[in-house]
Amino acid sequence: ETGVTQSPTHLIKTRGQQVTLRCSSQSGHNTVSWYQQALGQGPQFIFQYYREEENGRGNFPPRFSGLQFPNYSSELNVNALELDDSALYLCASSLNRGQNSPLHFGNGTRLTVT
Amino acid sequence: AQSVTQPDIHITVSEGASLELRCNYSYGATPYLFWYVQSPGQGLQLLLKYFSGDTLVQGIKGFEAEFKRSQSSFNLRKPSVHWSDAAEYFCAVADGDSNYQLIWGAGTKLIIKP
């Protein structure tokens, strides 16, 4: 059973640039959630995708966008990067979108914006 | 809105000693509660979850947690810690107003003294 994989592991971007982060979900999982974890804090929910449709969104501006593909892998895109976007971005997949479906996390992508 | 409080930013425990990490939540109904662990450079791994039923839940790696509705708490315990338990521990509650996100505490860093 392949777990959740994220790429790249680390990334350095300049303010104003755009970035795409990728996530492959665990086999059999149809739901992907993205979280932002700033240093010293707990994760903050960005959005969730279920069967290629956005299923919910947290308090993040529209410059954070996403996609889910037919194989349930997913991308997170961030436009017009700001210094405060520096964080660990975590992808999690789950069997289903319900609250009782535990999240399986990847190791994250560490984004640094300078 | 739901919230999760982990009052201890770090806790230091001697190897072999018992451990209790505190978690308090605010939510009107019976919550779905989770404990996750994050080792350095890693994603989050689910330790245990509570949905309903027996208020004492067993998890992986010898951890357990007890749901106490009267205290709005879901504290994590382990009878005897090992050096490999050094990590950051996060408590989370499922957002009762949606079916898609977890609300997370800020985490407690566990330090093990030899």
# chains A, B, ... in the order shown; residues from 1 in each chain; ligands from 1
call {"tool": "interface_residues", "arguments": {"of": "chain B", "to": "chain A", "cutoff": "6 Å", "atoms": "only C-alpha atoms", "output": "PyMOL selection string"}}
result
chain B and resi 42-44+99+104-106
call {"tool": "write_last_selection", "arguments": {"atoms": "N, CA, C and O atoms", "output": "mmCIF file, in the first residue's frame"}}
result
data_model
loop_
_atom_site.group_PDB
_atom_site.id
_atom_site.type_symbol
_atom_site.label_atom_id
_atom_site.label_comp_id
_atom_site.auth_asym_id
_atom_site.auth_seq_id
_atom_site.Cartn_x
_atom_site.Cartn_y
_atom_site.Cartn_z
ATOM 1 N N GLN B 42 8.592 15.181 9.381
ATOM 2 C CA GLN B 42 7.595 14.201 8.946
ATOM 3 C C GLN B 42 6.203 14.811 8.914
ATOM 4 O O GLN B 42 5.947 15.873 9.492
ATOM 5 N N GLY B 43 5.313 14.102 8.257
ATOM 6 C CA GLY B 43 3.912 14.483 8.317
ATOM 7 C C GLY B 43 3.292 14.027 9.623
ATOM 8 O O GLY B 43 3.982 13.601 10.544
ATOM 9 N N LEU B 44 1.993 14.106 9.687
ATOM 10 C CA LEU B 44 1.259 13.769 10.896
ATOM 11 C C LEU B 44 0.736 12.338 10.823
ATOM 12 O O LEU B 44 0.205 11.919 9.796
ATOM 13 N N ASN B 99 -18.360 18.954 7.030
ATOM 14 C CA ASN B 99 -17.936 17.557 7.033
ATOM 15 C C ASN B 99 -16.543 17.418 6.472
ATOM 16 O O ASN B 99 -16.156 16.361 6.011
ATOM 17 N N TRP B 104 -7.363 22.336 14.817
ATOM 18 C CA TRP B 104 -6.203 21.798 15.502
ATOM 19 C C TRP B 104 -5.750 22.680 16.654
ATOM 20 O O TRP B 104 -5.866 23.904 16.614
ATOM 21 N N GLY B 105 -5.198 22.030 17.671
ATOM 22 C CA GLY B 105 -4.474 22.756 18.701
ATOM 23 C C GLY B 105 -3.105 23.161 18.186
ATOM 24 O O GLY B 105 -2.696 22.759 17.088
ATOM 25 N N ALA B 106 -2.389 23.942 18.984
ATOM 26 C CA ALA B 106 -1.077 24.450 18.577
ATOM 27 C C ALA B 106 0.034 23.436 18.793
ATOM 28 O O ALA B 106 1.168 23.663 18.380
#
call {"tool": "closest_residue", "arguments": {"among": "B:Gln45, B:Gln6, B:Ser52, B:Ser18", "to": "B:Leu33", "atoms": "only C-alpha atoms"}}
result
B:Ser52
call {"tool": "residues_around", "arguments": {"residues": "B:Ala92", "least_positions_apart": "2", "cutoff": "9 Å", "atoms": "only C-alpha atoms", "output": "ChimeraX atom specification"}}
result
/B:3-4,23,25,32-36,90,94,102-105
call {"tool": "write_last_selection", "arguments": {"atoms": "all heavy atoms", "output": "tab-separated table (two decimals), in the first residue's frame"}}
result
chain	number	residue	atom	x	y	z
B	3	SER	N	-12.97	25.19	18.92
B	3	SER	CA	-11.56	25.51	19.14
B	3	SER	C	-10.93	24.39	19.96
B	3	SER	O	-11.63	23.63	20.63
B	3	SER	CB	-11.38	26.85	19.86
B	3	SER	OG	-11.92	26.79	21.16
B	4	VAL	N	-9.62	24.32	19.88
B	4	VAL	CA	-8.86	23.32	20.63
B	4	VAL	C	-7.71	24.02	21.33
B	4	VAL	O	-7.00	24.82	20.71
B	4	VAL	CB	-8.31	22.24	19.69
B	4	VAL	CG1	-7.44	21.24	20.46
B	4	VAL	CG2	-9.44	21.50	18.99
B	23	CYS	N	-5.57	18.31	26.48
B	23	CYS	CA	-6.30	18.87	25.35
B	23	CYS	C	-7.69	19.25	25.81
B	23	CYS	O	-8.40	18.42	26.39
B	23	CYS	CB	-6.39	17.85	24.20
B	23	CYS	SG	-7.47	18.35	22.85
B	25	TYR	N	-11.31	21.21	24.40
B	25	TYR	CA	-11.98	21.62	23.17
B	25	TYR	C	-13.23	22.40	23.53
B	25	TYR	O	-13.75	22.31	24.65
B	25	TYR	CB	-12.34	20.40	22.32
B	25	TYR	CG	-13.37	19.52	22.99
B	25	TYR	CD1	-14.72	19.73	22.80
B	25	TYR	CD2	-12.97	18.51	23.87
B	25	TYR	CE1	-15.67	18.96	23.46
B	25	TYR	CE2	-13.91	17.74	24.54
B	25	TYR	CZ	-15.25	17.97	24.33
B	25	TYR	OH	-16.17	17.22	25.00
B	32	TYR	N	-16.03	14.67	17.35
B	32	TYR	CA	-15.07	13.67	16.89
B	32	TYR	C	-13.70	14.23	17.27
B	32	TYR	O	-13.35	15.33	16.86
B	32	TYR	CB	-15.14	13.48	15.38
B	32	TYR	CG	-16.38	12.80	14.86
B	32	TYR	CD1	-16.61	12.73	13.50
B	32	TYR	CD2	-17.32	12.23	15.70
B	32	TYR	CE1	-17.75	12.10	12.99
B	32	TYR	CE2	-18.44	11.60	15.21
B	32	TYR	CZ	-18.66	11.54	13.85
B	32	TYR	OH	-19.77	10.92	13.35
B	33	LEU	N	-12.91	13.48	18.01
B	33	LEU	CA	-11.63	13.95	18.54
B	33	LEU	C	-10.49	13.06	18.08
B	33	LEU	O	-10.66	11.85	17.95
B	33	LEU	CB	-11.68	13.97	20.08
B	33	LEU	CG	-12.63	14.98	20.69
B	33	LEU	CD1	-13.02	14.58	22.10
B	33	LEU	CD2	-12.01	16.37	20.68
B	34	PHE	N	-9.35	13.68	17.88
B	34	PHE	CA	-8.20	12.97	17.35
B	34	PHE	C	-6.92	13.42	18.06
B	34	PHE	O	-6.81	14.57	18.49
B	34	PHE	CB	-8.02	13.28	15.85
B	34	PHE	CG	-9.23	13.02	15.00
B	34	PHE	CD1	-10.26	13.94	14.92
B	34	PHE	CD2	-9.32	11.85	14.26
B	34	PHE	CE1	-11.37	13.69	14.12
B	34	PHE	CE2	-10.44	11.60	13.45
B	34	PHE	CZ	-11.45	12.53	13.39
B	35	TRP	N	-5.96	12.52	18.13
B	35	TRP	CA	-4.59	12.85	18.48
B	35	TRP	C	-3.69	12.38	17.34
B	35	TRP	O	-3.79	11.23	16.88
B	35	TRP	CB	-4.14	12.17	19.77
B	35	TRP	CG	-4.49	12.92	21.02
B	35	TRP	CD1	-5.55	12.68	21.85
B	35	TRP	CD2	-3.78	14.01	21.59
B	35	TRP	NE1	-5.54	13.57	22.91
B	35	TRP	CE2	-4.46	14.40	22.77
B	35	TRP	CE3	-2.63	14.72	21.24
B	35	TRP	CZ2	-4.04	15.45	23.59
B	35	TRP	CZ3	-2.19	15.75	22.05
B	35	TRP	CH2	-2.90	16.11	23.22
B	36	TYR	N	-2.82	13.31	16.92
B	36	TYR	CA	-1.82	13.01	15.90
B	36	TYR	C	-0.43	13.30	16.46
B	36	TYR	O	-0.27	14.15	17.34
B	36	TYR	CB	-2.03	13.88	14.65
B	36	TYR	CG	-3.15	13.46	13.73
B	36	TYR	CD1	-4.47	13.82	13.99
B	36	TYR	CD2	-2.87	12.72	12.59
B	36	TYR	CE1	-5.49	13.44	13.13
B	36	TYR	CE2	-3.89	12.34	11.72
B	36	TYR	CZ	-5.18	12.70	11.99
B	36	TYR	OH	-6.19	12.32	11.14
B	90	PHE	N	-0.39	16.68	18.48
B	90	PHE	CA	-1.48	17.60	18.15
B	90	PHE	C	-2.81	16.94	18.45
B	90	PHE	O	-3.06	15.80	18.05
B	90	PHE	CB	-1.44	17.98	16.67
B	90	PHE	CG	-0.28	18.85	16.30
B	90	PHE	CD1	0.91	18.29	15.87
B	90	PHE	CD2	-0.37	20.23	16.38
B	90	PHE	CE1	1.99	19.08	15.51
B	90	PHE	CE2	0.71	21.04	16.03
B	90	PHE	CZ	1.88	20.45	15.60
B	94	ALA	N	-13.07	17.52	14.90
B	94	ALA	CA	-13.74	17.68	13.62
B	94	ALA	C	-14.72	18.84	13.73
B	94	ALA	O	-15.44	18.97	14.72
B	94	ALA	CB	-14.46	16.41	13.22
B	102	LEU	N	-10.64	19.62	10.04
B	102	LEU	CA	-10.29	19.47	11.44
B	102	LEU	C	-9.81	20.81	11.96
B	102	LEU	O	-9.16	21.58	11.26
B	102	LEU	CB	-9.18	18.43	11.62
B	102	LEU	CG	-9.50	16.98	11.23
B	102	LEU	CD1	-8.32	16.08	11.58
B	102	LEU	CD2	-10.76	16.50	11.92
B	103	ILE	N	-10.15	21.07	13.23
B	103	ILE	CA	-9.63	22.24	13.95
B	103	ILE	C	-8.54	21.72	14.88
B	103	ILE	O	-8.77	20.79	15.65
B	103	ILE	CB	-10.74	22.90	14.78
B	103	ILE	CG1	-11.99	23.16	13.95
B	103	ILE	CG2	-10.22	24.18	15.43
B	103	ILE	CD1	-11.80	24.10	12.81
B	104	TRP	N	-7.36	22.34	14.82
B	104	TRP	CA	-6.20	21.80	15.50
B	104	TRP	C	-5.75	22.68	16.65
B	104	TRP	O	-5.87	23.90	16.61
B	104	TRP	CB	-5.02	21.70	14.52
B	104	TRP	CG	-5.27	20.77	13.37
B	104	TRP	CD1	-6.04	21.03	12.27
B	104	TRP	CD2	-4.74	19.46	13.20
B	104	TRP	NE1	-6.02	19.93	11.44
B	104	TRP	CE2	-5.23	18.97	11.98
B	104	TRP	CE3	-3.90	18.65	13.97
B	104	TRP	CZ2	-4.90	17.69	11.51
B	104	TRP	CZ3	-3.56	17.39	13.49
B	104	TRP	CH2	-4.07	16.93	12.28
B	105	GLY	N	-5.20	22.03	17.67
B	105	GLY	CA	-4.47	22.76	18.70
B	105	GLY	C	-3.11	23.16	18.19
B	105	GLY	O	-2.70	22.76	17.09
call {"tool": "atom_distance", "arguments": {"atom1": "atom CA of B:Pro7", "atom2": "atom CA of B:Arg22"}}
result
6.7 Å
call {"tool": "select_by_dssp", "arguments": {"residues": "chain B", "states": "helix (DSSP H, G or I)", "output": "number ranges by chain"}}
result
B: 60-62, 69-71, 83-85
call {"tool": "closest_residue", "arguments": {"among": "B:Ser72, B:Val13, B:Leu56, B:Leu21", "to": "B:Val93", "atoms": "only C-alpha atoms"}}
result
B:Ser72
call {"tool": "closest_residue", "arguments": {"among": "A:Gln17, A:Gln6, A:Gln68, A:Ser74", "to": "A:Thr114", "atoms": "only C-alpha atoms"}}
result
A:Gln17
call {"tool": "atom_distance", "arguments": {"atom1": "atom CA of B:Lys78", "atom2": "atom CA of B:Asp54"}}
result
17.9 Å
call {"tool": "select_by_dssp", "arguments": {"residues": "chain A", "states": "strand (DSSP E or B)", "output": "NGL selection string"}}
result
:A and (5-7 or 10-13 or 19-24 or 31-37 or 44-50 or 53-57 or 64-68 or 74-78 or 87-94 or 104-105 or 109-113)
call {"tool": "decode", "arguments": {"residues": "stretch 46-62 of chain A", "atoms": "all heavy atoms", "output": "mmCIF file, in the first residue's frame"}}
result
data_model
loop_
_atom_site.group_PDB
_atom_site.id
_atom_site.type_symbol
_atom_site.label_atom_id
_atom_site.label_comp_id
_atom_site.auth_asym_id
_atom_site.auth_seq_id
_atom_site.Cartn_x
_atom_site.Cartn_y
_atom_site.Cartn_z
ATOM 1 N N ILE A 46 -6.948 24.459 4.402
ATOM 2 C CA ILE A 46 -7.031 25.304 3.205
ATOM 3 C C ILE A 46 -8.273 24.931 2.411
ATOM 4 O O ILE A 46 -9.166 25.747 2.202
ATOM 5 C CB ILE A 46 -5.773 25.168 2.329
ATOM 6 C CG1 ILE A 46 -4.520 25.489 3.146
ATOM 7 C CG2 ILE A 46 -5.874 26.071 1.097
ATOM 8 C CD1 ILE A 46 -3.214 25.260 2.382
ATOM 9 N N PHE A 47 -8.316 23.697 1.902
ATOM 10 C CA PHE A 47 -9.504 23.184 1.230
ATOM 11 C C PHE A 47 -9.436 21.681 1.113
ATOM 12 O O PHE A 47 -8.413 21.054 1.408
ATOM 13 C CB PHE A 47 -9.727 23.814 -0.156
ATOM 14 C CG PHE A 47 -8.509 23.997 -1.009
ATOM 15 C CD1 PHE A 47 -7.678 22.931 -1.326
ATOM 16 C CD2 PHE A 47 -8.196 25.243 -1.511
ATOM 17 C CE1 PHE A 47 -6.564 23.111 -2.113
ATOM 18 C CE2 PHE A 47 -7.079 25.434 -2.310
ATOM 19 C CZ PHE A 47 -6.256 24.371 -2.607
ATOM 20 N N GLN A 48 -10.566 21.117 0.681
ATOM 21 C CA GLN A 48 -10.681 19.673 0.486
ATOM 22 C C GLN A 48 -11.291 19.405 -0.892
ATOM 23 O O GLN A 48 -12.200 20.119 -1.334
ATOM 24 C CB GLN A 48 -11.571 19.042 1.557
ATOM 25 C CG GLN A 48 -11.679 17.524 1.453
ATOM 26 C CD GLN A 48 -12.653 16.947 2.477
ATOM 27 O OE1 GLN A 48 -13.864 16.924 2.276
ATOM 28 N NE2 GLN A 48 -12.111 16.464 3.586
ATOM 29 N N TYR A 49 -10.807 18.358 -1.537
ATOM 30 C CA TYR A 49 -11.368 17.906 -2.806
ATOM 31 C C TYR A 49 -11.896 16.489 -2.663
ATOM 32 O O TYR A 49 -11.251 15.614 -2.064
ATOM 33 C CB TYR A 49 -10.315 17.970 -3.925
ATOM 34 C CG TYR A 49 -10.163 19.358 -4.459
ATOM 35 C CD1 TYR A 49 -9.358 20.277 -3.808
ATOM 36 C CD2 TYR A 49 -10.871 19.777 -5.580
ATOM 37 C CE1 TYR A 49 -9.240 21.573 -4.274
ATOM 38 C CE2 TYR A 49 -10.772 21.068 -6.052
ATOM 39 C CZ TYR A 49 -9.949 21.964 -5.395
ATOM 40 O OH TYR A 49 -9.836 23.248 -5.842
ATOM 41 N N TYR A 50 -13.074 16.292 -3.205
ATOM 42 C CA TYR A 50 -13.727 14.979 -3.182
ATOM 43 C C TYR A 50 -14.171 14.671 -4.597
ATOM 44 O O TYR A 50 -14.966 15.428 -5.182
ATOM 45 C CB TYR A 50 -14.915 14.993 -2.220
ATOM 46 C CG TYR A 50 -15.821 13.788 -2.301
ATOM 47 C CD1 TYR A 50 -15.386 12.549 -1.850
ATOM 48 C CD2 TYR A 50 -17.104 13.886 -2.822
ATOM 49 C CE1 TYR A 50 -16.205 11.442 -1.915
ATOM 50 C CE2 TYR A 50 -17.929 12.777 -2.890
ATOM 51 C CZ TYR A 50 -17.477 11.557 -2.435
ATOM 52 O OH TYR A 50 -18.285 10.458 -2.500
ATOM 53 N N ARG A 51 -13.652 13.580 -5.135
ATOM 54 C CA ARG A 51 -14.013 13.159 -6.500
ATOM 55 C C ARG A 51 -13.953 14.334 -7.477
ATOM 56 O O ARG A 51 -14.899 14.583 -8.223
ATOM 57 C CB ARG A 51 -15.402 12.519 -6.505
ATOM 58 C CG ARG A 51 -15.455 11.203 -5.733
ATOM 59 C CD ARG A 51 -16.838 10.561 -5.823
ATOM 60 N NE ARG A 51 -16.910 9.332 -5.068
ATOM 61 C CZ ARG A 51 -16.616 8.122 -5.539
ATOM 62 N NH1 ARG A 51 -16.206 7.968 -6.792
ATOM 63 N NH2 ARG A 51 -16.725 7.056 -4.772
ATOM 64 N N GLU A 52 -12.855 15.048 -7.438
ATOM 65 C CA GLU A 52 -12.503 16.112 -8.378
ATOM 66 C C GLU A 52 -13.242 17.434 -8.167
ATOM 67 O O GLU A 52 -13.040 18.375 -8.935
ATOM 68 C CB GLU A 52 -12.675 15.650 -9.838
ATOM 69 C CG GLU A 52 -11.879 14.397 -10.192
ATOM 70 C CD GLU A 52 -12.095 13.971 -11.629
ATOM 71 O OE1 GLU A 52 -11.791 14.756 -12.545
ATOM 72 O OE2 GLU A 52 -12.571 12.824 -11.835
ATOM 73 N N GLU A 53 -14.079 17.507 -7.149
ATOM 74 C CA GLU A 53 -14.794 18.746 -6.868
ATOM 75 C C GLU A 53 -14.346 19.310 -5.518
ATOM 76 O O GLU A 53 -14.098 18.545 -4.576
ATOM 77 C CB GLU A 53 -16.304 18.504 -6.818
ATOM 78 C CG GLU A 53 -16.922 17.988 -8.105
ATOM 79 C CD GLU A 53 -17.053 19.067 -9.143
ATOM 80 O OE1 GLU A 53 -17.196 20.256 -8.760
ATOM 81 O OE2 GLU A 53 -16.991 18.755 -10.343
ATOM 82 N N GLU A 54 -14.287 20.636 -5.418
ATOM 83 C CA GLU A 54 -13.974 21.236 -4.119
ATOM 84 C C GLU A 54 -15.145 20.979 -3.181
ATOM 85 O O GLU A 54 -16.291 21.319 -3.464
ATOM 86 C CB GLU A 54 -13.728 22.743 -4.269
ATOM 87 C CG GLU A 54 -13.248 23.373 -2.963
ATOM 88 C CD GLU A 54 -12.966 24.871 -3.084
ATOM 89 O OE1 GLU A 54 -11.947 25.247 -3.673
ATOM 90 O OE2 GLU A 54 -13.797 25.650 -2.566
ATOM 91 N N ASN A 55 -14.822 20.404 -2.011
ATOM 92 C CA ASN A 55 -15.852 20.005 -1.054
ATOM 93 C C ASN A 55 -15.947 20.948 0.141
ATOM 94 O O ASN A 55 -16.867 20.856 0.929
ATOM 95 C CB ASN A 55 -15.541 18.592 -0.560
ATOM 96 C CG ASN A 55 -16.597 18.049 0.369
ATOM 97 O OD1 ASN A 55 -17.773 18.011 0.014
ATOM 98 N ND2 ASN A 55 -16.198 17.649 1.563
ATOM 99 N N GLY A 56 -14.997 21.847 0.260
ATOM 100 C CA GLY A 56 -15.013 22.782 1.379
ATOM 101 C C GLY A 56 -13.758 23.609 1.369
ATOM 102 O O GLY A 56 -12.730 23.195 0.814
ATOM 103 N N ARG A 57 -13.819 24.778 1.955
ATOM 104 C CA ARG A 57 -12.693 25.692 1.916
ATOM 105 C C ARG A 57 -12.566 26.413 3.245
ATOM 106 O O ARG A 57 -13.569 26.791 3.855
ATOM 107 C CB ARG A 57 -12.924 26.715 0.789
ATOM 108 C CG ARG A 57 -11.745 27.585 0.515
ATOM 109 C CD ARG A 57 -12.010 28.546 -0.643
ATOM 110 N NE ARG A 57 -10.822 29.341 -0.894
ATOM 111 C CZ ARG A 57 -9.864 29.021 -1.756
ATOM 112 N NH1 ARG A 57 -9.984 27.927 -2.484
ATOM 113 N NH2 ARG A 57 -8.809 29.782 -1.906
ATOM 114 N N GLY A 58 -11.338 26.591 3.670
ATOM 115 C CA GLY A 58 -11.066 27.344 4.891
ATOM 116 C C GLY A 58 -10.916 28.823 4.585
ATOM 117 O O GLY A 58 -11.243 29.302 3.503
ATOM 118 N N ASN A 59 -10.395 29.539 5.561
ATOM 119 C CA ASN A 59 -10.303 30.991 5.457
ATOM 120 C C ASN A 59 -9.012 31.415 4.755
ATOM 121 O O ASN A 59 -8.131 32.040 5.348
ATOM 122 C CB ASN A 59 -10.378 31.589 6.871
ATOM 123 C CG ASN A 59 -10.522 33.086 6.841
ATOM 124 O OD1 ASN A 59 -11.015 33.641 5.872
ATOM 125 N ND2 ASN A 59 -10.082 33.738 7.900
ATOM 126 N N PHE A 60 -8.894 31.053 3.501
ATOM 127 C CA PHE A 60 -7.729 31.415 2.691
ATOM 128 C C PHE A 60 -8.206 32.201 1.477
ATOM 129 O O PHE A 60 -9.283 31.932 0.944
ATOM 130 C CB PHE A 60 -6.972 30.152 2.244
ATOM 131 C CG PHE A 60 -6.050 29.613 3.320
ATOM 132 C CD1 PHE A 60 -6.542 28.834 4.346
ATOM 133 C CD2 PHE A 60 -4.693 29.907 3.304
ATOM 134 C CE1 PHE A 60 -5.701 28.357 5.359
ATOM 135 C CE2 PHE A 60 -3.843 29.425 4.290
ATOM 136 C CZ PHE A 60 -4.358 28.660 5.319
ATOM 137 N N PRO A 61 -7.396 33.163 1.008
ATOM 138 C CA PRO A 61 -7.815 33.998 -0.122
ATOM 139 C C PRO A 61 -7.844 33.201 -1.418
ATOM 140 O O PRO A 61 -7.247 32.110 -1.506
ATOM 141 C CB PRO A 61 -6.730 35.093 -0.165
ATOM 142 C CG PRO A 61 -5.551 34.476 0.506
ATOM 143 C CD PRO A 61 -6.085 33.556 1.543
ATOM 144 N N PRO A 62 -8.495 33.760 -2.444
ATOM 145 C CA PRO A 62 -8.643 33.055 -3.731
ATOM 146 C C PRO A 62 -7.330 32.765 -4.435
ATOM 147 O O PRO A 62 -7.297 31.919 -5.340
ATOM 148 C CB PRO A 62 -9.506 34.028 -4.556
ATOM 149 C CG PRO A 62 -10.186 34.882 -3.562
ATOM 150 C CD PRO A 62 -9.264 35.005 -2.400
#
